[in-house]
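Read the structure below first, then the notes.
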Amino acid sequence: MPVVDVQELTRTFRSGRGLRRREVHAVRGISFSIERGELFGLLGPNGAGKTTTIKMLITLLLPTSGRATVLGHDVVERPREIRRRVGYVFGGDRGLYERLSALDNLRYFAELYAVPAREQRGRIAELLDLVGLAGRERERVESYSRGMRQRLHIARGLLHRPEVLFLDEPSIGIDPVGARELRSTVKALAERGTTVLLTTHYMFEADELCDRIAVIAGGRIVASGTPAQLKQRVSGGGVVEVEVFGIPDGVVGGVRTLPGVRTVSVEERGQAQVLLVHTEPGADVAQAVLGRLDGARVGRVVTREPTLEDAYVELVRE
Amino acid sequence: MRLLAVGWWLQLKVRSRSRFDGLLGVLWPLFFSTTVFLMFRAGTQSAALLSAAVGASVMGVWSATSTAAGGALQQERRQGTLELLVAAPRPFPLLILPVTLAMATVGAYSMVATLLWGRFVFGIGVTIHNPIAFLAAVVVTVVAIGVLGFLIAVCSVRYRASWALGNALEMPVWLICGFLVPLSALPAWVRPISWLLAPTWGMSAIRAAAEGRTAWLDLAACLGLAALYAAAGTVLAGRLVDSARTHATLALT
């Protein structure tokens, strides 16, 4: 039996009244399941419905329709059973008592999450070691860096040894070294049998960590599979990257009509823009693309194999 | 009990560590009591002045609790901890009650400050004829005010704007519960409302103990009403959390 089972789950947010009533369909009938010990990634752009999905699974939001079970318990009918056995960690600065020390935060959440009193001291020390905050635990959280706060979040989420851990963009705002440590912590947890649902913007993170990935866009799952399977969706083709300082009007539309071109997108990178052209297998479109850019200031031109990020970009823009 | 005790202690720590809040907490009761003492000193009855001194001291407890209780869960919402409280497996009311009890405890300082301020600045000595009953009445009143704050606080789980409820109730309760003027001076239709408010009975018990009259019946009424508030708050909290899950009001956005 899957540890997390989601069937046709939807969530609509309503705001305003009368003529000003507005509805936002954040999640539109998604289905997926996660097996015990699996590390499952939910990828999507901002507003895709990732956090809403997680909040329904940890019983903070009621679904508008559809059904979801976590560890065999329905998220609507049996929230308390689920809360006892799952952990939730989100990214960013919030979610901690700033005026308390890390130790007091962990003591408080240990009580909240019903960690037996005789185990609390040892468990807190163990987690402080795990996240590298041992020795700093008596300092107030308000003096912590973002990375330290994030590590404290992880420790908080693990206090009650959850069977399923929901990580909502846990590496957001962390420096590369901290993010690497975080990834190794998550990997170690999954290896020890904790089921993990992870949302992230970073493709390399998903590629490195996740057993399976579901790509979510506009509240719908647009693709799912292993990272290798997702890459295959764009493999066989190629990617041409052209660095341009000011893309003239109409060029993107023009490139899109070239033979052998699948999709075209533009990324801002500092003062330059990068034209990303996904091509059909065997198509050589570089010269034709440069021809369309006649008169523009062009920098580096690279032709390469597609990455998971390319697959993701193509999927969410379909 | 352990959850309540740990929650109370850590919430007390949270609330006592802001220098700005601390300064306001020190000055506010002195401002109240000065106003009340100046008002009542204009009269000639020393009994009324003594009664006002005790009333002003409880006013501070109520003000600290009512204004903070309304905003407490909004503050939890702002710092992103409200969702974590709801997502915890422990019963939600047991997580909120220590928050408002901690506020009432902070407010209890104002009782001491008011009585000392009255004694040393205005020369109003309060003689307590039954210290044990007085102490019991103070503790029960502080707890009852904390529980009433809990009832106010749970409303803001569902309604983000209900932080204003505590502010709106602050001054009416001063009057209705007889902190400043005797209940007999209020219109007859107000009195049933007074009887439904635990601080009315707590105030009466404190005055009775100070004056050497029996305080135990008033105390029992105060305690009974506090228990009723706790039960009502528990039921209400369950419903409002479910409603907040439906209407997505646990987070700031």
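Identifiers in this document derive from the order of the structure tokens: chains are assigned A, B, ..., residues are numbered from 1 separately in each chain, and ligands are numbered from 1 in order of occurrence.
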With a distance threshold of 10 Å and counting only C-alpha atoms, extract the residues of chain A near chain B and express them as a PyMOL selection string.
chain A and resi 11-15+52+55-56+58-64+76+79-90+92-101+104-105+107-114+117+157
Pick out the residues sitting within 9 Å of region 16-25 of chain A, and hand them over as a list in words; count only C-alpha atoms, and ignore anything fewer than 6 positions along from it in its own chain.
Thr10, Gly49, Gly218 and Gly219 of chain A
Please save C-alpha atoms of the selected residues as a PDB file, in the first residue's frame.
```
ATOM      1  CA  THR A  10      -8.376  19.637  -6.138  1.00  0.00           C
ATOM      2  CA  GLY A  49       0.252  24.233  -6.588  1.00  0.00           C
ATOM      3  CA  GLY A 218      -0.989  25.360 -13.368  1.00  0.00           C
ATOM      4  CA  GLY A 219      -2.293  22.971 -10.715  1.00  0.00           C
TER       5      GLY A 219
END
```
Quick check for you: according to DSSP on this backbone, which residues of region 199-270 of chain A are classed as strand (DSSP E)? Reply as a ChimeraX atom specification.
/A:199-200,212-217,220-225,238-245,261-269
At what distance in Å, to one decimal, does CA of Ala209 (chain B) lie from CA of Ala133 (chain B)?
5.5 Å
Near-Glu139 (chain A) list (8 Å; only C-alpha atoms; drop same-chain fewer than 3 positions) as a list in words
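My list of contacting residues is Ser101, Ala102, Arg136, Ser143 and Tyr144 of chain A.
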Non-local contacts of Val164 (chain A) (6 Å; only C-alpha atoms; under 5 positions in same chain excluded) as JSON, numbers by chain:
{"A": [86, 194, 195, 196]}
Pick out the residues sitting within 7 Å of region 146-162 of chain B, and hand them over as a PDB file with C-alpha atoms, in the first residue's frame; count only C-alpha atoms, and ignore anything fewer than 6 positions along from it in its own chain.
```pdb
ATOM      1  CA  THR B  65      -4.380  40.000  28.432  1.00  0.00           C
ATOM      2  CA  SER B  66      -7.230  41.316  26.272  1.00  0.00           C
ATOM      3  CA  ALA B  69      -4.769  37.816  23.299  1.00  0.00           C
ATOM      4  CA  GLY B  70      -6.415  39.255  20.212  1.00  0.00           C
ATOM      5  CA  ALA B  72      -1.349  36.640  19.849  1.00  0.00           C
ATOM      6  CA  LEU B  73      -2.463  34.257  17.137  1.00  0.00           C
ATOM      7  CA  GLN B  74      -2.033  36.946  14.484  1.00  0.00           C
ATOM      8  CA  ILE B  96      -3.222  28.225  22.900  1.00  0.00           C
ATOM      9  CA  LEU B  97      -4.215  28.272  26.575  1.00  0.00           C
ATOM     10  CA  THR B 100      -2.951  33.591  27.108  1.00  0.00           C
ATOM     11  CA  LEU B 101      -2.082  32.353  30.588  1.00  0.00           C
ATOM     12  CA  ALA B 104      -2.208  37.135  32.194  1.00  0.00           C
ATOM     13  CA  ALA B 226     -13.526  30.097  33.810  1.00  0.00           C
ATOM     14  CA  TYR B 229     -15.039  29.470  29.079  1.00  0.00           C
ATOM     15  CA  ALA B 230     -12.393  26.749  28.779  1.00  0.00           C
ATOM     16  CA  GLY B 233     -13.172  27.714  23.903  1.00  0.00           C
ATOM     17  CA  ALA B 237     -11.300  26.053  18.706  1.00  0.00           C
ATOM     18  CA  LEU B 240     -12.692  27.310  13.966  1.00  0.00           C
ATOM     19  CA  VAL B 241      -9.609  25.264  13.073  1.00  0.00           C
ATOM     20  CA  SER B 243     -13.191  26.341   9.229  1.00  0.00           C
ATOM     21  CA  ALA B 244      -9.688  27.813   8.886  1.00  0.00           C
ATOM     22  CA  THR B 249      -6.755  31.410   6.915  1.00  0.00           C
ATOM     23  CA  LEU B 250      -3.974  29.722   8.884  1.00  0.00           C
TER      24      LEU B 250
END
```
